[in-house]
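Student: Structure file final_4.cif, mmCIF, C-alpha atoms, is pasted below:
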```
data_entry
#
loop_
_atom_site.label_atom_id
_atom_site.label_comp_id
_atom_site.auth_asym_id
_atom_site.auth_seq_id
_atom_site.Cartn_x
_atom_site.Cartn_y
_atom_site.Cartn_z
CA MET A 1 -53.76 85.45 102.48
CA ALA A 2 -50.74 87.05 100.98
CA GLY A 3 -49.15 83.65 100.68
CA LEU A 4 -52.20 82.23 98.98
CA GLU A 5 -52.34 85.17 96.56
CA GLU A 6 -48.68 84.74 95.82
CA GLY A 7 -49.11 80.99 95.20
CA GLY A 8 -52.12 81.60 93.02
CA GLY A 9 -50.18 84.13 90.94
CA SER A 10 -47.38 81.65 90.38
CA ARG A 11 -49.81 79.00 89.20
CA THR A 12 -51.46 81.52 86.91
CA ARG A 13 -48.13 82.51 85.38
CA ARG A 14 -47.16 78.86 84.86
CA ALA A 15 -50.48 78.13 83.18
CA LEU A 16 -50.01 81.09 80.86
CA ALA A 17 -46.49 79.92 80.00
CA VAL A 18 -47.70 76.40 79.19
CA ALA A 19 -50.54 77.75 77.08
CA SER A 20 -48.12 79.99 75.16
CA ALA A 21 -45.75 77.06 74.49
CA VAL A 22 -48.60 74.91 73.22
CA ALA A 23 -49.80 77.71 70.96
CA ILE A 24 -46.30 78.21 69.53
CA ALA A 25 -45.93 74.45 68.95
CA VAL A 26 -49.25 74.36 67.11
CA LEU A 27 -48.24 77.29 64.93
CA LEU A 28 -44.88 75.69 64.13
CA ALA A 29 -46.58 72.41 63.37
CA GLY A 30 -48.71 74.21 60.84
CA CYS A 31 -45.51 75.47 59.17
CA GLY A 32 -44.16 71.94 58.79
CA VAL A 33 -41.51 72.22 61.54
CA ARG A 34 -41.05 69.24 63.83
CA TRP A 35 -38.79 69.81 66.80
CA GLU A 36 -39.29 66.29 68.05
CA THR A 37 -37.61 64.61 64.97
CA GLU A 38 -34.23 64.97 63.25
CA PRO A 39 -34.19 66.62 59.79
CA PRO A 40 -34.30 64.02 56.96
CA VAL A 41 -30.99 62.86 55.50
CA PHE A 42 -31.13 62.21 51.76
CA PRO A 43 -28.90 59.35 50.50
CA SER A 44 -25.89 60.35 48.45
CA PRO A 45 -24.37 58.12 45.75
CA ASP A 46 -21.16 56.31 46.60
CA ALA A 47 -18.06 56.27 44.41
CA VAL A 48 -19.09 53.13 42.48
CA THR A 49 -22.50 54.62 41.69
CA LEU A 50 -20.88 57.78 40.40
CA GLU A 51 -18.48 55.76 38.23
CA ARG A 52 -21.27 53.64 36.81
CA ASP A 53 -23.38 56.72 36.10
CA ALA A 54 -20.48 58.48 34.37
CA LEU A 55 -20.06 55.48 32.07
CA ALA A 56 -23.81 55.30 31.45
CA GLN A 57 -23.89 58.99 30.55
CA ALA A 58 -21.03 58.50 28.09
CA GLU A 59 -22.96 55.66 26.43
CA ALA A 60 -26.11 57.80 26.31
CA ASP A 61 -24.09 60.45 24.49
CA VAL A 62 -23.06 57.83 21.92
CA ALA A 63 -26.68 56.79 21.42
CA ASP A 64 -27.72 60.42 20.96
CA ALA A 65 -24.95 61.06 18.43
CA ALA A 66 -25.85 57.88 16.50
CA ALA A 67 -29.49 58.98 16.41
CA ARG A 68 -28.52 62.42 15.10
CA GLU A 69 -26.31 61.03 12.35
CA GLY A 70 -28.82 58.33 11.43
CA ALA A 71 -27.86 56.11 8.51
CA ALA A 72 -24.53 57.91 8.24
CA ALA A 73 -23.48 56.41 11.59
CA ASP A 74 -22.88 52.83 10.40
CA PRO A 75 -20.01 53.66 8.04
CA VAL A 76 -18.31 55.34 11.01
CA VAL A 77 -18.83 52.49 13.47
CA ALA A 78 -21.12 49.61 12.58
CA GLY A 79 -24.03 49.09 14.96
CA ALA A 80 -23.06 51.99 17.21
CA ALA A 81 -26.64 52.81 18.21
CA ALA A 82 -27.53 49.22 19.13
CA ALA A 83 -24.25 48.75 20.96
CA ALA A 84 -24.71 51.89 23.04
CA GLU A 85 -28.28 50.86 23.95
CA ALA A 86 -27.05 47.40 25.01
CA HIS A 87 -24.38 49.00 27.19
CA LEU A 88 -26.93 51.35 28.74
CA ASP A 89 -29.25 48.44 29.48
CA VAL A 90 -26.55 46.51 31.33
CA LEU A 91 -25.44 49.64 33.20
CA GLY A 92 -29.01 50.33 34.30
CA GLY A 93 -29.41 53.59 32.42
CA VAL A 94 -28.47 57.10 33.47
CA TYR A 95 -29.41 57.94 37.06
CA VAL A 96 -31.90 60.80 37.43
CA ALA A 97 -32.27 62.02 41.02
CA TYR A 98 -35.60 63.83 40.57
CA PRO A 99 -37.35 62.74 37.35
CA SER A 100 -40.31 65.08 38.04
CA ALA A 101 -38.13 68.16 38.51
CA SER A 102 -38.63 70.98 36.07
CA PRO A 103 -36.18 71.02 33.14
CA SER A 104 -33.22 73.32 33.13
CA PRO A 105 -33.93 76.74 31.69
CA GLU A 106 -33.18 77.19 28.03
CA PRO A 107 -29.99 79.13 27.23
CA GLU A 108 -30.29 82.78 26.41
CA PRO A 109 -31.06 83.39 22.72
CA THR A 110 -27.98 85.58 22.43
CA VAL A 111 -25.69 82.70 23.52
CA SER A 112 -24.62 80.41 20.68
CA PRO A 113 -24.82 76.74 21.79
CA ALA A 114 -21.68 74.66 21.54
CA PRO A 115 -21.58 72.32 18.51
CA LEU A 116 -22.81 68.83 19.33
CA PRO A 117 -20.11 66.11 19.37
CA THR A 118 -19.86 63.69 16.47
CA LEU A 119 -20.33 59.96 16.84
CA ALA A 120 -16.59 59.35 16.63
CA GLU A 121 -16.00 61.94 19.36
CA THR A 122 -18.59 60.43 21.70
CA ILE A 123 -17.17 56.93 21.21
CA GLY A 124 -13.71 58.24 22.03
CA ALA A 125 -15.07 59.87 25.18
CA ALA A 126 -16.86 56.65 26.14
CA ARG A 127 -13.67 54.65 25.71
CA ARG A 128 -11.69 57.07 27.86
CA THR A 129 -14.38 56.94 30.54
CA ALA A 130 -14.46 53.13 30.44
CA ALA A 131 -10.68 52.88 30.67
CA GLY A 132 -10.62 55.26 33.62
CA VAL A 133 -13.38 53.41 35.45
CA ALA A 134 -11.69 50.04 34.89
CA GLU A 135 -8.45 51.43 36.28
CA THR A 136 -9.81 53.10 39.43
CA THR A 137 -13.05 51.44 40.51
CA ALA A 138 -13.19 49.24 43.59
CA ASP A 139 -16.03 47.18 42.08
CA ALA A 140 -14.70 44.13 40.20
CA ASP A 141 -17.93 43.65 38.24
CA LEU A 142 -17.92 47.26 37.07
CA ALA A 143 -14.26 46.98 36.06
CA PHE A 144 -15.09 43.87 33.99
CA LEU A 145 -18.01 45.62 32.32
CA ALA A 146 -15.94 48.73 31.59
CA ARG A 147 -13.15 46.70 29.97
CA SER A 148 -15.69 44.78 27.89
CA ILE A 149 -17.23 48.05 26.68
CA ASP A 150 -13.80 49.45 25.83
CA LEU A 151 -12.90 46.26 23.95
CA GLU A 152 -16.12 46.28 21.94
CA TRP A 153 -15.73 49.91 20.83
CA ALA A 154 -12.13 49.22 19.81
CA LEU A 155 -13.30 46.27 17.69
CA ARG A 156 -16.07 48.28 16.06
CA GLU A 157 -13.57 51.01 15.21
CA LEU A 158 -11.26 48.36 13.74
CA TRP A 159 -14.11 47.03 11.63
CA ALA A 160 -14.85 50.51 10.31
CA GLU A 161 -11.18 50.95 9.38
CA ARG A 162 -11.10 47.59 7.61
CA LYS A 163 -14.25 48.38 5.64
CA SER A 164 -12.83 51.74 4.61
CA GLU A 165 -9.59 50.08 3.46
CA GLU A 166 -11.55 47.41 1.59
CA GLU A 167 -13.65 50.00 -0.22
CA GLN A 168 -10.51 51.92 -1.13
CA ARG A 169 -8.86 48.77 -2.51
CA GLU A 170 -11.99 47.97 -4.54
CA ALA A 171 -12.00 51.47 -5.98
CA GLU A 172 -8.30 51.20 -6.86
CA ALA A 173 -8.85 47.76 -8.41
CA ALA A 174 -11.67 49.12 -10.52
CA ALA A 175 -9.46 51.99 -11.66
CA ASP A 176 -6.62 49.57 -12.46
CA ALA A 177 -9.00 47.35 -14.41
CA ALA A 178 -10.19 50.31 -16.42
CA ALA A 179 -6.61 51.35 -17.12
CA ALA A 180 -5.66 47.79 -18.02
CA THR A 181 -8.48 47.63 -20.55
CA ALA A 182 -7.10 50.68 -22.29
CA SER A 183 -3.50 49.46 -22.03
CA PRO A 184 -2.11 47.14 -24.71
CA GLU A 185 -0.06 45.22 -22.12
CA PRO A 186 -1.91 44.91 -18.79
CA THR A 187 0.16 43.93 -15.80
CA PRO A 188 -0.74 40.38 -14.67
CA THR A 189 -1.65 39.86 -11.02
CA ARG A 190 -1.96 36.68 -8.97
CA GLU A 191 -5.29 36.24 -7.23
CA GLY A 192 -5.09 36.24 -3.45
CA GLU A 193 -1.66 37.84 -3.26
CA PRO A 194 -1.53 40.84 -0.91
CA ALA A 195 -0.14 44.17 -2.01
CA ASP A 196 3.53 44.79 -1.37
CA ASP A 197 2.80 47.26 1.40
CA SER A 198 0.16 45.08 3.10
CA PRO A 199 1.14 43.74 6.52
CA SER A 200 1.01 40.01 7.04
CA GLU A 201 -2.35 38.82 8.35
CA ALA A 202 -0.43 36.82 10.96
CA THR A 203 1.10 39.96 12.46
CA PRO A 204 -0.28 40.47 15.99
CA VAL A 205 -2.60 43.43 16.45
CA TRP A 206 -2.23 45.28 19.76
CA PHE A 207 -5.21 46.52 21.71
CA PRO A 208 -5.40 50.27 21.07
CA LEU A 209 -5.74 52.15 24.34
CA ALA A 210 -8.21 54.99 24.67
CA ASP A 211 -5.44 57.57 24.33
CA GLY A 212 -4.31 56.07 21.02
CA THR A 213 -1.24 54.26 22.38
CA ILE A 214 -0.62 50.53 22.85
CA ASP A 215 0.79 48.57 25.77
CA ILE A 216 3.67 46.67 24.19
CA ASP A 217 5.16 45.70 27.54
CA ALA A 218 2.07 43.67 28.45
CA GLY A 219 2.45 41.29 25.50
CA PHE A 220 -0.12 38.60 24.75
CA ALA A 221 0.53 36.14 27.61
CA PRO A 222 1.59 36.34 31.26
CA GLY A 223 5.21 37.09 32.00
CA ALA A 224 7.35 36.94 35.10
CA GLY A 225 7.67 40.56 36.17
CA GLU A 226 10.35 41.39 38.70
CA GLY A 227 8.95 41.56 42.22
CA VAL A 228 5.36 40.80 41.19
CA ALA A 229 3.30 37.66 40.71
CA PRO A 230 3.56 36.55 37.06
CA THR A 231 -0.18 35.87 36.79
CA GLY A 232 -3.31 35.66 38.85
CA LEU A 233 -4.85 32.93 36.68
CA SER A 234 -5.44 29.50 38.17
CA ASP A 235 -3.74 26.35 36.92
CA ASP A 236 -7.05 25.19 35.42
CA VAL A 237 -7.35 28.37 33.34
CA LEU A 238 -3.69 28.22 32.30
CA THR A 239 -4.21 24.61 31.23
CA GLU A 240 -7.29 25.54 29.22
CA LEU A 241 -5.51 28.38 27.42
CA ALA A 242 -2.38 26.30 26.74
CA ILE A 243 -4.48 23.58 25.09
CA ALA A 244 -6.68 26.02 23.16
CA GLU A 245 -3.65 27.82 21.73
CA ASP A 246 -2.00 24.49 20.87
CA GLN A 247 -5.17 23.35 19.11
CA ALA A 248 -5.11 26.56 17.08
CA ARG A 249 -1.47 25.88 16.20
CA PHE A 250 -2.35 22.41 14.93
CA ALA A 251 -5.35 23.70 12.94
CA TYR A 252 -3.31 26.37 11.17
CA GLU A 253 -0.62 23.85 10.29
CA THR A 254 -3.34 21.66 8.80
CA LEU A 255 -4.78 24.61 6.89
CA ALA A 256 -1.35 25.51 5.55
CA ALA A 257 -1.15 22.10 3.87
CA GLN A 258 -4.18 23.07 1.76
CA GLU A 259 -3.00 26.58 0.84
CA PHE A 260 -0.52 28.02 -1.64
CA GLY A 261 1.64 31.11 -1.84
CA PRO A 262 0.93 33.96 0.57
CA ARG A 263 -1.99 32.17 2.23
CA ARG A 264 0.22 29.20 3.06
CA GLU A 265 2.94 31.42 4.53
CA ASP A 266 0.34 33.34 6.48
CA ALA A 267 -1.15 30.16 7.98
CA LEU A 268 2.30 28.90 8.99
CA ASP A 269 3.14 32.25 10.59
CA ARG A 270 -0.11 32.21 12.55
CA ALA A 271 0.58 28.63 13.65
CA ALA A 272 3.97 29.70 15.00
CA LEU A 273 2.35 32.61 16.84
CA HIS A 274 -0.17 30.31 18.56
CA GLU A 275 2.57 27.82 19.42
CA GLU A 276 4.58 30.58 21.11
CA ARG A 277 1.59 31.62 23.20
CA SER A 278 0.79 28.04 24.14
CA ASP A 279 4.36 27.64 25.37
CA ALA A 280 3.99 30.80 27.46
CA PHE A 281 1.04 29.27 29.34
CA ALA A 282 2.49 25.77 29.66
CA VAL A 283 5.66 27.06 31.33
CA PHE A 284 3.63 27.88 34.47
CA LEU A 285 2.32 24.30 34.81
CA GLU A 286 4.05 21.42 36.53
CA GLU A 287 2.94 19.00 33.80
CA ASP A 288 2.47 19.84 30.14
CA PRO A 289 -1.19 19.07 29.27
CA ARG A 290 -0.73 19.28 25.49
CA THR A 291 -0.62 16.40 23.04
CA PRO A 292 1.31 16.25 19.76
CA LEU A 293 -1.77 15.33 17.73
CA TYR A 294 -5.35 16.61 17.51
CA GLN A 295 -8.18 16.02 15.08
CA LEU A 296 -10.50 18.30 13.15
CA ARG A 297 -14.13 17.25 13.00
CA ASP A 298 -16.70 18.11 10.32
CA VAL A 299 -14.41 20.42 8.37
CA ASP A 300 -14.17 20.17 4.59
CA LEU A 301 -10.56 21.23 4.20
CA LEU A 302 -10.88 21.14 0.40
CA ASP A 303 -13.45 23.95 0.50
CA PRO A 304 -11.86 27.44 0.75
CA GLU A 305 -14.95 28.88 2.44
CA ALA A 306 -14.87 26.10 5.04
CA ARG A 307 -11.21 26.86 5.72
CA ARG A 308 -12.00 30.56 6.24
CA ALA A 309 -14.89 29.61 8.54
CA LEU A 310 -12.52 27.44 10.57
CA GLU A 311 -10.11 30.35 10.97
CA ARG A 312 -12.90 32.65 12.13
CA THR A 313 -14.15 30.10 14.66
CA LEU A 314 -10.66 29.36 16.00
CA GLU A 315 -9.91 33.01 16.62
CA THR A 316 -13.37 33.89 17.96
CA ASP A 317 -13.23 31.01 20.43
CA LEU A 318 -9.84 32.18 21.68
CA ALA A 319 -11.00 35.78 21.86
CA LEU A 320 -14.02 34.86 23.97
CA ARG A 321 -11.85 32.81 26.33
CA TYR A 322 -9.51 35.75 26.89
CA ALA A 323 -12.35 38.26 27.23
CA ALA A 324 -14.10 36.07 29.80
CA GLN A 325 -10.95 36.00 31.94
CA LEU A 326 -11.21 39.79 32.31
CA ASP A 327 -13.84 39.00 34.96
CA SER A 328 -12.07 39.75 38.27
CA ALA A 329 -8.73 39.82 36.44
CA ALA A 330 -5.75 40.81 38.53
CA PRO A 331 -4.08 44.08 37.49
CA VAL A 332 -1.05 42.11 36.30
CA ASP A 333 -3.26 40.21 33.81
CA ALA A 334 -5.74 42.81 32.54
CA ALA A 335 -3.48 44.43 29.92
CA TRP A 336 -2.23 41.26 28.22
CA LEU A 337 -5.72 39.73 28.29
CA LEU A 338 -7.01 42.77 26.40
CA ASN A 339 -4.14 42.47 23.92
CA ALA A 340 -4.79 38.74 23.38
CA ALA A 341 -8.57 39.13 23.06
CA PHE A 342 -8.26 42.04 20.64
CA ASP A 343 -5.66 40.28 18.48
CA ALA A 344 -7.79 37.14 18.14
CA TYR A 345 -10.88 39.17 17.32
CA ALA A 346 -8.88 41.30 14.88
CA ARG A 347 -7.70 38.18 13.05
CA ALA A 348 -11.32 37.02 12.75
CA VAL A 349 -12.37 40.47 11.48
CA ARG A 350 -9.69 40.33 8.78
CA THR A 351 -10.79 36.87 7.61
CA ASP A 352 -12.85 36.58 4.43
CA GLY A 353 -16.53 36.18 5.23
CA PHE A 354 -16.59 38.13 8.50
CA ALA A 355 -19.65 40.41 8.62
CA ALA A 356 -20.65 43.38 10.76
CA GLY A 357 -23.24 41.17 12.46
CA ASP A 358 -20.40 38.96 13.74
CA LEU A 359 -19.03 41.76 15.92
CA PRO A 360 -19.47 40.81 19.60
CA THR A 361 -21.69 42.71 22.00
CA LEU A 362 -20.00 43.11 25.40
CA PRO A 363 -17.37 40.43 24.69
CA GLY A 364 -16.88 38.15 27.66
CA VAL A 365 -19.99 39.51 29.40
CA LEU A 366 -22.78 38.56 27.00
CA VAL A 367 -22.73 35.34 24.99
CA THR A 368 -25.31 34.94 22.25
CA ALA A 369 -27.22 31.72 21.68
CA SER A 370 -25.09 30.89 18.65
CA ASP A 371 -21.93 31.46 20.68
CA GLU A 372 -23.19 29.12 23.42
CA ALA A 373 -23.58 26.40 20.83
CA ARG A 374 -20.11 26.99 19.45
CA VAL A 375 -17.84 28.06 22.29
CA PRO A 376 -16.72 25.73 25.11
CA GLU A 377 -17.10 26.92 28.67
CA PRO A 378 -13.95 28.65 29.98
CA SER A 379 -13.43 25.93 32.61
CA SER A 380 -13.60 23.09 30.08
CA THR A 381 -10.53 21.68 28.38
CA THR A 382 -12.12 18.68 26.65
CA GLU A 383 -15.35 19.95 25.12
CA ALA A 384 -14.97 21.27 21.58
CA SER A 385 -17.14 22.47 18.74
CA THR A 386 -17.58 20.68 15.47
CA VAL A 387 -15.13 22.99 13.75
CA SER A 388 -12.49 23.13 16.47
CA PRO A 389 -9.51 20.85 16.99
CA THR A 390 -9.93 18.34 19.81
CA GLN A 391 -7.46 16.12 21.56
CA SER A 392 -6.93 12.80 19.86
#
```
Could I get this file's structure written as structure tokens?
Tutor:
Amino acid sequence: MAGLEEGGGSRTRRALAVASAVAIAVLLAGCGVRWETEPPVFPSPDAVTLERDALAQAEADVADAAAREGAAADPVVAGAAAAAEAHLDVLGGVYVAYPSASPSPEPEPTVSPAPLPTLAETIGAARRTAAGVAETTADADLAFLARSIDLEWALRELWAERKSEEEQREAEAAADAAAATASPEPTPTREGEPADDSPSEATPVWFPLADGTIDIDAGFAPGAGEGVAPTGLSDDVLTELAIAEDQARFAYETLAAQEFGPRREDALDRAALHEERSDAFAVFLEEDPRTPLYQLRDVDLLDPEARRALERTLETDLALRYAAQLDSAAPVDAAWLLNAAFDAYARAVRTDGFAAGDLPTLPGVLVTASDEARVPEPSSTTEASTVSPTQS
């Protein structure tokens, strides 16, 4: 009997233990605790996501600054608000981890908020962010997009500078005209002649880096650096660029025959510049693809406006070719491609008839419908527009 009582007590104690464990499990289940599963692991953004989001946030800051300044923004940088929104759209917007989370508490009334950055300051910050992302990211597509954004902001800043200079010259001309009216012997001037201190329009314009410097060592074409590959571009691309630059050389020589004075000298200088760059590409090829003669189609060379339009198209076509090659560009090529694209765009900007609406959005990344009708594909060396030189 003692044995039975002892066995019955053991069973009773075991039953009580099981019942207690079940009760505890039920209570814990009610509290949301699950011992049978691992705690959830929330995904964390990788390095590329963080880089993309940092660039998107910088563009959002530009859009906010442009909205604050309103109509006053365009004289600073034309189309800044639309450009920032386009960049944000391509980047996918600013990442928000918990959109439904409550907003951050407002600062204490006794604390004076920091002054909001100006549009120029936010654009500078966006350019620095873009340059840093392009330099460090492991994602080739993001690097291409960052360089395109940096290039576009640099061009919009250049446009703003040119407009400011133009307005200043107009004001000075008006003042000179007023003084000449009151003067018995006004000083004669020749129309179209640049001021003595004006740089030649043919002078190359270097891509301004985000820190305000320029990369002179990179030049405007690939070079044979010691111990490194001279270029990562294929022979097909080198052939395309050699021909395109040679066509530009021929077109400027043709334009020079229709010009006089400073415009003629400027066209000849620009022709020599394009010839030098064409030679720099051709030297990497086993056979020279260029021809001594090309033809210009549908261009009225006797019309000054048509000649200016030809210049703008020549330079814009070249700029788009260079900007497109920034896609997956090797580090050895990125700097000179930026220089070459910026210089060609800058020449177009400085040409009579260029308007703010002609500024590119994400150069090399986005091509507008009008550009598609005008610009040959990067891989083509025979297709040409109606205002571009073609092989004869």
Student: Give the answer as one residue: which of A:Phe220, A:Arg312, A:Ala126, A:Ala54 has the shortest atom-to-atom distance to Tyr252 of chain A, using all atoms listed in the file?
Tutor: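 Result for the nearest residue to Tyr252 of chain A: A:Arg312.
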Student: Excluding same-chain residues fewer than 5 positions from segment 243-250 of chain A, what lies within 7 Å of it counting all atoms listed in the file, as a list in words?
Tutor: Ala271, Ala272, His274, Glu275, Arg277, Ser278, Pro289, Arg290, Tyr294, Leu314, Pro389 and Thr390 of chain A
Student: Could you tell me, as a ChimeraX atom specification, exactly which residues end up selected when the PyMOL selection byres ((chain A and resi 88-94) around 12) is applied to this structure?
Tutor: /A:48-64,81-87,95-97,99,126,130,141-146,148-149,361-362,365-366
Student: In the coordinate frame of the file, compute which residues have an atom within 12 Å of (-2.8, 28.1, 39.0) when using only C-alpha atoms, and state them as a PDB file with C-alpha atoms, keeping the file's coordinate frame.
Tutor:
```pdb
ATOM      1  CA  ALA A 229       3.300  37.660  40.710  1.00  0.00           C
ATOM      2  CA  PRO A 230       3.560  36.550  37.060  1.00  0.00           C
ATOM      3  CA  THR A 231      -0.180  35.870  36.790  1.00  0.00           C
ATOM      4  CA  GLY A 232      -3.310  35.660  38.850  1.00  0.00           C
ATOM      5  CA  LEU A 233      -4.850  32.930  36.680  1.00  0.00           C
ATOM      6  CA  SER A 234      -5.440  29.500  38.170  1.00  0.00           C
ATOM      7  CA  ASP A 235      -3.740  26.350  36.920  1.00  0.00           C
ATOM      8  CA  ASP A 236      -7.050  25.190  35.420  1.00  0.00           C
ATOM      9  CA  VAL A 237      -7.350  28.370  33.340  1.00  0.00           C
ATOM     10  CA  LEU A 238      -3.690  28.220  32.300  1.00  0.00           C
ATOM     11  CA  THR A 239      -4.210  24.610  31.230  1.00  0.00           C
ATOM     12  CA  GLU A 240      -7.290  25.540  29.220  1.00  0.00           C
ATOM     13  CA  LEU A 241      -5.510  28.380  27.420  1.00  0.00           C
ATOM     14  CA  PHE A 281       1.040  29.270  29.340  1.00  0.00           C
ATOM     15  CA  ALA A 282       2.490  25.770  29.660  1.00  0.00           C
ATOM     16  CA  VAL A 283       5.660  27.060  31.330  1.00  0.00           C
ATOM     17  CA  PHE A 284       3.630  27.880  34.470  1.00  0.00           C
ATOM     18  CA  LEU A 285       2.320  24.300  34.810  1.00  0.00           C
ATOM     19  CA  GLU A 286       4.050  21.420  36.530  1.00  0.00           C
ATOM     20  CA  GLU A 287       2.940  19.000  33.800  1.00  0.00           C
TER      21      GLU A 287
END
```
Student: Go through the shown structure with the PyMOL selection byres ((chain A and resi 316-332) around 6) and write out the matching residues as a list of chain:residue names.
Tutor: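 Selected by the PyMOL selection byres ((chain A and resi 316-332) around 6) here: A:Ala140, A:Phe144, A:Gly232, A:Arg312, A:Thr313, A:Leu314, A:Glu315, A:Asp333, A:Ala334, A:Leu337, A:Ala341, A:Ala344, A:Tyr345, A:Gly364, A:Val375, A:Pro378.
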Student: Atom CA of Ala180 of chain A and atom CA of Arg263 of chain A are how many Å apart?
Tutor: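 Computing the Euclidean distance for atom CA of Ala180 of chain A and atom CA of Arg263 of chain A yields 25.8 Å.
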Student: Check the smallest atom-to-atom distance from each of A:Ala306, A:Ala280, A:Leu359, A:Ala174 to Trp153 of chain A using all atoms listed in the file, then report the winner.
Tutor: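 Ranked by minimum distance to Trp153 of chain A, first place goes to A:Leu359.
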Student: Identify, on the basis of only C-alpha atoms, every residue whose closest approach to Lys163 of chain A does not exceed 12 Å; exclude the query and any residue fewer than 2 positions from it along the same chain; express the result as a PDB file with C-alpha atoms, in the coordinates of the input.
Tutor:
```pdb
ATOM      1  CA  ASP A  74     -22.880  52.830  10.400  1.00  0.00           C
ATOM      2  CA  PRO A  75     -20.010  53.660   8.040  1.00  0.00           C
ATOM      3  CA  VAL A  76     -18.310  55.340  11.010  1.00  0.00           C
ATOM      4  CA  VAL A  77     -18.830  52.490  13.470  1.00  0.00           C
ATOM      5  CA  ALA A  78     -21.120  49.610  12.580  1.00  0.00           C
ATOM      6  CA  ARG A 156     -16.070  48.280  16.060  1.00  0.00           C
ATOM      7  CA  GLU A 157     -13.570  51.010  15.210  1.00  0.00           C
ATOM      8  CA  LEU A 158     -11.260  48.360  13.740  1.00  0.00           C
ATOM      9  CA  TRP A 159     -14.110  47.030  11.630  1.00  0.00           C
ATOM     10  CA  ALA A 160     -14.850  50.510  10.310  1.00  0.00           C
ATOM     11  CA  GLU A 161     -11.180  50.950   9.380  1.00  0.00           C
ATOM     12  CA  GLU A 165      -9.590  50.080   3.460  1.00  0.00           C
ATOM     13  CA  GLU A 166     -11.550  47.410   1.590  1.00  0.00           C
ATOM     14  CA  GLU A 167     -13.650  50.000  -0.220  1.00  0.00           C
ATOM     15  CA  GLN A 168     -10.510  51.920  -1.130  1.00  0.00           C
ATOM     16  CA  ARG A 169      -8.860  48.770  -2.510  1.00  0.00           C
ATOM     17  CA  GLU A 170     -11.990  47.970  -4.540  1.00  0.00           C
ATOM     18  CA  VAL A 349     -12.370  40.470  11.480  1.00  0.00           C
ATOM     19  CA  ARG A 350      -9.690  40.330   8.780  1.00  0.00           C
ATOM     20  CA  ASP A 352     -12.850  36.580   4.430  1.00  0.00           C
ATOM     21  CA  PHE A 354     -16.590  38.130   8.500  1.00  0.00           C
ATOM     22  CA  ALA A 355     -19.650  40.410   8.620  1.00  0.00           C
ATOM     23  CA  ALA A 356     -20.650  43.380  10.760  1.00  0.00           C
TER      24      ALA A 356
END
```
Student: Find the distance between atom CA of Asp215 of chain A and atom CA of Ala131 of chain A and write it in Å to one decimal.
Tutor: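 Answer for the atom CA of Asp215 of chain A to atom CA of Ala131 of chain A separation: 13.2 Å.
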